[in-house]
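J.: For reference, the structure I am asking about is given below.
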Amino acid sequence: MQLEFPDGAKRDYDPGVTSRAVAEGISPSLAKRAALVRLDGQLRDLDRPLETGGRIEFLMRDDPVVLETIRHDASHVMAEAVQELFPGTQVTIGPAIEDGFYYDFARDTPFSLDDLPKIEQRMREIVDRDEKITREVWDRDEAIAHFEAIGERYKAEIIRDLPEGETITLYRQGEWKDLCLGPHLPSTKMVGKAFKLTKLAGAYWRGDHRNAQLQRIYGTAWASQADLDAYLLRVEEAEKRDHRKIGRAMDLFHMQEEGKGMVFWHPKGWTLWRTLEAYMRRRLDAAGYVEVKTPQVLDRSFWEKSGHWEKYRPNMFVCETEEGEVLSLKPMNCPGHVQIFDVGQRSYRELPIRMAEFGACHRYEPSGSLHGLMRVRGFTQDDAHIFCREDQIEAETERFIRLTRMIHKDLGMDTDHIALATRPPVRAGSDAFWDKAEGTLLSASRKAGVEPVIAEGDGAFYAPKLDFIVKDAIGRTWTCGTLQLDYVLPERLGAEYVAEDGSKQRPVMLHRAILGSFERFIGIMIENYAGAFPLWLAPVQVVVATITSDAESYAREAAERLRSAGLRVEGDYRNEKINYKVREHSLAKVPVIAVVGRKEAENGQLALRRLGSDGQEVVSLEAAAQLLSGEALAPDLRGEA
């Protein structure tokens, strides 16, 4: 068989040769330094025999691609450590995840936080042992019998549920072994010691609340100690910016047990919401969208026709009436928009139709997955659907990319990158269709000045999509915004338009969102700004605070003048020291505190203190009204584009 190397060289080898042997034939140091091998794009262990030839590349430990394997191996090292320290503990699953890994354990006695340092220490010892990690192929029945014999019933269950004919692979490190697909590093030493166990949590076996509850240990692992330290610093900063804590401190919202996953918006939080919604509405109006409103509750038959009943029923809130109707709260807006499109006869001349809705949706999320504003059951999507002809897809995509990047920038987060999610293994449509659809999105992205990052195989089953990844103030990335091509829903719900030749044609439907949901995006914004919103977004923009009681009359007059200039103003006329007032309103993240003493009252002035600054600027009341009202304009009202 023939292997082709990155420099273009080609060499012949006997089938069954290992990648390590190939590396040793090139350079002993290469074989020693290599962590994984990539054969025709597939990652493999160094000691796994090569069945076929192809393009081969050796990956070193510091290659970003290897980081996921480091984390996966760290989960195995943790599982080995746990079973050494706590005999009788069963292991279940332990994948690598974003920024780290976890492993779910079955154990009668709960773990405690005090156990984590002990487990970490044993993990370091296992790394020092330099245990060789090897892949073994087992007979299905033998593997089941083996795990049952050692009391690992969860592993036995996993194997039983695998399709017949599936290759059963175990990985052994020292005397410990685990069911796993791999690939893995050559030994535990290569995992390194840049890891830390971070928290404990509960988890249901296979994510089903009807199954046994397990104990999950989370950890993080990195290629170097410097990377680990930087990550832990980001985590510390993220904890300070937790939107739930800041939301309470700023009196924006709360959530409670009687309404799991539902948000109670307080006046200040709802002011922030309305400000964001008004801004979005103006941007969409200017971009040629028409706004609609569709029903909250629709009959089961409607969701069956759209296909959502079959695919999303477990996540839908369903109710029955005394008349025997089976109804559901809408989990998404798209089918309702098709109904509006279907009313009357549409002409090709009307297209594209850009149909937007700030649609309230509800989806059942397990209570354990709920997280403040980031993961809720009731949410409002900044949803829109563009009904267009095939020849309009590229232009509409380009327009949407420019609009989305502008809005994200206005809201304080630049687009880090755009991901083009391509054809998944299981998909509808021919390769020719996918070639065309992916090419259209790629071309449109480039026309908008963007080179998308290819997310191989992450597309929807019916078409590719674009995902917009933004970066916040502390370097975290968030997926905010998406554009998905949809040929399926217009077909299912009978959407048609009359083409130029008089024939009936199906429109293409572009599903698109810019924020994703108001709740989640506001949560992201709170953390991005750490609550210190720019003046135009701040729920309270100015507090007029008195130094002495005899300045109260003027302070009230000043507050009213600022309100008349369009500012959101509160007055603080309490008999408290001014330093106390300034500290209190600074903690509440008020952008401007207008201080009024006897001197300011006599001269018709305000002493303006900006959040985060120790200095102050003394200006006339009229100058303050003009200055601050200008600063408080939203970016679109300032003419920014």
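Every chain in the structure tokens has a letter given in the order shown (A, B, ...), and although residue numbers restart at 1 in each chain, ligands are simply numbered from 1 in the order shown.
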Using only C-alpha atoms, which residues sit within 6 Å of region 463-480 of chain A once same-chain residues fewer than 3 positions away are excluded, as a list of chain:residue names?
T.: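 Counting only the stated atoms, we get A:Met413, A:Asp414, A:Thr415, A:Asp416, A:His417, A:Ile418, A:Ala419, A:Leu420, A:Ala421, A:Thr422, A:Gly459, A:Ala460, A:Leu483, A:Gln484, A:Leu485, A:Leu515, A:Gly516, A:Asn528.
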J.: Name all residues at most 9 Å from region 236-248 of chain A (count only C-alpha atoms; drop same-chain ones fewer than 5 positions away) and give them as a ChimeraX atom specification.
T.: /A:231,253-254,269,371-373,474,522-531,588
J.: Which residue out of A:Asp636, A:Arg399, A:Tyr348, A:Asn603 has the minimum interatomic distance to Asp501 (chain A) when only C-alpha atoms are used?
T.: A:Tyr348
J.: Nearest to Glu166 (chain A) among A:Ala221, A:Val191, A:Ala74, A:Val137, with distances taken over only C-alpha atoms: which residue is it?
T.: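 Residue with the minimum atom-to-atom distance to Glu166 (chain A): A:Val137.
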J.: Write out as JSON lines a residue-level contact list of region 446-502 of chain A versus region 333-347 of chain A with cut-off 10 Å: for each qualifying residue the closest pair of atoms and the distance in Å to one decimal, counting only C-alpha atoms, rows sorted by chain and residue number upward.
T.:
{"residue": "A:Leu489", "atom": "CA", "partner": "A:Pro335", "partner_atom": "CA", "distance": 7.5}
{"residue": "A:Pro490", "atom": "CA", "partner": "A:Val338", "partner_atom": "CA", "distance": 7.0}
{"residue": "A:Arg492", "atom": "CA", "partner": "A:Pro335", "partner_atom": "CA", "distance": 9.7}
{"residue": "A:Leu493", "atom": "CA", "partner": "A:Val338", "partner_atom": "CA", "distance": 7.1}
{"residue": "A:Gly494", "atom": "CA", "partner": "A:Asp342", "partner_atom": "CA", "distance": 7.6}
{"residue": "A:Ala495", "atom": "CA", "partner": "A:Asp342", "partner_atom": "CA", "distance": 5.6}
{"residue": "A:Glu496", "atom": "CA", "partner": "A:Arg346", "partner_atom": "CA", "distance": 7.1}
{"residue": "A:Tyr497", "atom": "CA", "partner": "A:Arg346", "partner_atom": "CA", "distance": 4.6}
{"residue": "A:Val498", "atom": "CA", "partner": "A:Ser347", "partner_atom": "CA", "distance": 4.8}
{"residue": "A:Ala499", "atom": "CA", "partner": "A:Ser347", "partner_atom": "CA", "distance": 6.5}
{"residue": "A:Glu500", "atom": "CA", "partner": "A:Ser347", "partner_atom": "CA", "distance": 8.1}
{"residue": "A:Gly502", "atom": "CA", "partner": "A:Ser347", "partner_atom": "CA", "distance": 9.2}
J.: Applying 12 Å and only C-alpha atoms, which residues near Ser430 (chain A) remain after dropping the ones on its own chain fewer than 4 positions away? List them as number ranges by chain.
T.: A: 423, 426, 434-437, 461-463
J.: Residues as selected, N, CA and C atoms, written as a JSON list (two decimals), in the first residue's frame, can you do that?
T.:
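Final output, saved to again.json:
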[["chain", "number", "residue", "atom", "x", "y", "z"],
["A", 423, "ARG", "N", -22.52, 19.31, 4.63],
["A", 423, "ARG", "CA", -23.39, 18.12, 4.57],
["A", 423, "ARG", "C", -23.05, 17.09, 5.65],
["A", 426, "VAL", "N", -25.82, 11.65, 7.26],
["A", 426, "VAL", "CA", -27.20, 11.29, 6.92],
["A", 426, "VAL", "C", -27.89, 12.57, 6.48],
["A", 434, "TRP", "N", -26.14, 19.49, -2.75],
["A", 434, "TRP", "CA", -25.29, 19.96, -1.67],
["A", 434, "TRP", "C", -24.12, 20.78, -2.21],
["A", 435, "ASP", "N", -23.56, 20.36, -3.34],
["A", 435, "ASP", "CA", -22.49, 21.15, -3.96],
["A", 435, "ASP", "C", -22.97, 22.57, -4.26],
["A", 436, "LYS", "N", -24.16, 22.66, -4.81],
["A", 436, "LYS", "CA", -24.72, 23.96, -5.19],
["A", 436, "LYS", "C", -25.03, 24.80, -3.96],
["A", 437, "ALA", "N", -25.69, 24.20, -2.95],
["A", 437, "ALA", "CA", -26.10, 24.94, -1.76],
["A", 437, "ALA", "C", -24.89, 25.43, -0.98],
["A", 461, "PHE", "N", -29.97, 18.23, 8.20],
["A", 461, "PHE", "CA", -30.07, 17.09, 7.27],
["A", 461, "PHE", "C", -30.59, 17.52, 5.91],
["A", 462, "TYR", "N", -31.27, 18.70, 5.85],
["A", 462, "TYR", "CA", -31.89, 19.12, 4.60],
["A", 462, "TYR", "C", -31.08, 20.17, 3.85],
["A", 463, "ALA", "N", -30.07, 20.81, 4.49],
["A", 463, "ALA", "CA", -29.32, 21.86, 3.80],
["A", 463, "ALA", "C", -28.19, 22.36, 4.70]]
J.: Using DSSP on the backbone coordinates, identify the residues of region 310-353 of chain A assigned to helix (DSSP H, G or I); present them as a PyMOL selection string.
T.: chain A and resi 310-315+334-342+348-350
J.: Contacts of region 23-30 of chain A at 10 Å or less, counting only C-alpha atoms, minus same-chain residues fewer than 3 places along, as number ranges by chain?
T.: A: 18-20, 33-35, 37, 46, 57-60
J.: In Å, with one decimal, what is the gap from CA of Met1 (chain A) to CA of Arg38 (chain A)?
T.: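 Computing it gives 16.2 Å between the two atoms.
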J.: So which one's closest to Ile386 (chain A), A:Thr169, A:Glu148, A:Arg583, A:Pro352? Using only C-alpha atoms, please.
T.: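 Under the stated criterion, the closest residue is A:Pro352.
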J.: Excluding same-chain residues fewer than 4 positions from Glu396 (chain A), what lies within 10 Å of it counting only C-alpha atoms, as a PyMOL selection string?
T.: chain A and resi 352+354+386-388+391-392+400-401+444+510
J.: Go through A:His585, A:Arg44, A:Arg153, A:Arg61 and flag the residue nearest Gly88 (chain A), using only C-alpha atoms for the distances.
T.: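 Ranking A:His585, A:Arg44, A:Arg153, A:Arg61 by distance to Gly88 (chain A), first place goes to A:Arg153.
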J.: Using only C-alpha atoms, determine which residues lie at most 12 Å from Glu570 (chain A), disregarding the query and same-chain residues fewer than 5 positions distant; provide the list as a PDB file with N, CA and C atoms, in the first residue's frame.
T.:
ATOM      1  N   LYS A 268     -36.440  47.568  35.483  1.00  0.00           N
ATOM      2  CA  LYS A 268     -35.173  47.943  34.848  1.00  0.00           C
ATOM      3  C   LYS A 268     -34.770  46.932  33.778  1.00  0.00           C
ATOM      4  N   PRO A 539     -30.339  50.609  31.607  1.00  0.00           N
ATOM      5  CA  PRO A 539     -31.724  50.778  32.076  1.00  0.00           C
ATOM      6  C   PRO A 539     -31.942  52.118  32.779  1.00  0.00           C
ATOM      7  N   VAL A 540     -31.003  52.490  33.646  1.00  0.00           N
ATOM      8  CA  VAL A 540     -30.997  53.821  34.248  1.00  0.00           C
ATOM      9  C   VAL A 540     -29.753  54.520  33.721  1.00  0.00           C
ATOM     10  N   GLN A 541     -29.955  55.634  33.016  1.00  0.00           N
ATOM     11  CA  GLN A 541     -28.814  56.291  32.383  1.00  0.00           C
ATOM     12  C   GLN A 541     -28.157  57.331  33.281  1.00  0.00           C
ATOM     13  N   VAL A 542     -28.970  58.019  34.070  1.00  0.00           N
ATOM     14  CA  VAL A 542     -28.458  59.080  34.935  1.00  0.00           C
ATOM     15  C   VAL A 542     -29.168  59.024  36.282  1.00  0.00           C
ATOM     16  N   VAL A 543     -28.409  59.183  37.349  1.00  0.00           N
ATOM     17  CA  VAL A 543     -28.980  59.422  38.676  1.00  0.00           C
ATOM     18  C   VAL A 543     -28.562  60.822  39.110  1.00  0.00           C
ATOM     19  N   VAL A 544     -29.552  61.649  39.437  1.00  0.00           N
ATOM     20  CA  VAL A 544     -29.273  62.970  39.990  1.00  0.00           C
ATOM     21  C   VAL A 544     -29.246  62.827  41.507  1.00  0.00           C
ATOM     22  N   ALA A 545     -28.093  63.050  42.119  1.00  0.00           N
ATOM     23  CA  ALA A 545     -27.903  62.814  43.548  1.00  0.00           C
ATOM     24  C   ALA A 545     -27.530  64.111  44.261  1.00  0.00           C
ATOM     25  N   THR A 546     -28.212  64.393  45.352  1.00  0.00           N
ATOM     26  CA  THR A 546     -27.955  65.617  46.111  1.00  0.00           C
ATOM     27  C   THR A 546     -26.863  65.412  47.150  1.00  0.00           C
ATOM     28  N   ALA A 555     -32.362  69.867  42.192  1.00  0.00           N
ATOM     29  CA  ALA A 555     -32.064  68.522  41.695  1.00  0.00           C
ATOM     30  C   ALA A 555     -33.289  67.913  41.011  1.00  0.00           C
ATOM     31  N   ARG A 556     -34.460  68.127  41.586  1.00  0.00           N
ATOM     32  CA  ARG A 556     -35.689  67.614  40.956  1.00  0.00           C
ATOM     33  C   ARG A 556     -35.936  68.302  39.614  1.00  0.00           C
ATOM     34  N   GLU A 557     -35.684  69.602  39.590  1.00  0.00           N
ATOM     35  CA  GLU A 557     -35.835  70.350  38.333  1.00  0.00           C
ATOM     36  C   GLU A 557     -34.859  69.826  37.283  1.00  0.00           C
ATOM     37  N   ALA A 558     -33.617  69.564  37.714  1.00  0.00           N
ATOM     38  CA  ALA A 558     -32.605  69.058  36.785  1.00  0.00           C
ATOM     39  C   ALA A 558     -32.989  67.677  36.261  1.00  0.00           C
ATOM     40  N   ALA A 559     -33.491  66.799  37.143  1.00  0.00           N
ATOM     41  CA  ALA A 559     -33.895  65.457  36.711  1.00  0.00           C
ATOM     42  C   ALA A 559     -35.004  65.538  35.670  1.00  0.00           C
ATOM     43  N   GLU A 560     -35.955  66.469  35.890  1.00  0.00           N
ATOM     44  CA  GLU A 560     -37.055  66.602  34.935  1.00  0.00           C
ATOM     45  C   GLU A 560     -36.557  67.116  33.585  1.00  0.00           C
ATOM     46  N   ARG A 561     -35.593  68.026  33.615  1.00  0.00           N
ATOM     47  CA  ARG A 561     -35.039  68.548  32.360  1.00  0.00           C
ATOM     48  C   ARG A 561     -34.326  67.439  31.587  1.00  0.00           C
ATOM     49  N   LEU A 562     -33.576  66.594  32.288  1.00  0.00           N
ATOM     50  CA  LEU A 562     -32.892  65.494  31.611  1.00  0.00           C
ATOM     51  C   LEU A 562     -33.887  64.486  31.051  1.00  0.00           C
ATOM     52  N   ARG A 563     -34.977  64.247  31.766  1.00  0.00           N
ATOM     53  CA  ARG A 563     -36.018  63.340  31.244  1.00  0.00           C
ATOM     54  C   ARG A 563     -36.626  63.911  29.969  1.00  0.00           C
ATOM     55  N   HIS A 585     -24.684  53.642  43.656  1.00  0.00           N
ATOM     56  CA  HIS A 585     -25.108  53.698  42.249  1.00  0.00           C
ATOM     57  C   HIS A 585     -24.019  53.179  41.307  1.00  0.00           C
ATOM     58  N   VAL A 590     -24.752  52.372  37.192  1.00  0.00           N
ATOM     59  CA  VAL A 590     -25.348  53.552  36.545  1.00  0.00           C
ATOM     60  C   VAL A 590     -24.231  54.309  35.828  1.00  0.00           C
ATOM     61  N   VAL A 592     -23.895  57.419  34.596  1.00  0.00           N
ATOM     62  CA  VAL A 592     -23.616  58.816  34.936  1.00  0.00           C
ATOM     63  C   VAL A 592     -24.320  59.171  36.242  1.00  0.00           C
ATOM     64  N   ILE A 593     -23.567  59.723  37.182  1.00  0.00           N
ATOM     65  CA  ILE A 593     -24.157  60.266  38.403  1.00  0.00           C
ATOM     66  C   ILE A 593     -23.975  61.780  38.340  1.00  0.00           C
ATOM     67  N   ALA A 594     -25.111  62.488  38.337  1.00  0.00           N
ATOM     68  CA  ALA A 594     -25.099  63.957  38.284  1.00  0.00           C
ATOM     69  C   ALA A 594     -25.231  64.475  39.711  1.00  0.00           C
TER      70      ALA A 594
END
J.: Point out the residue among A:Ala96, A:Leu116, A:Arg283, A:Ile514 with the least atom-to-atom distance to His408 (chain A), counting only C-alpha atoms.
T.: A:Ile514
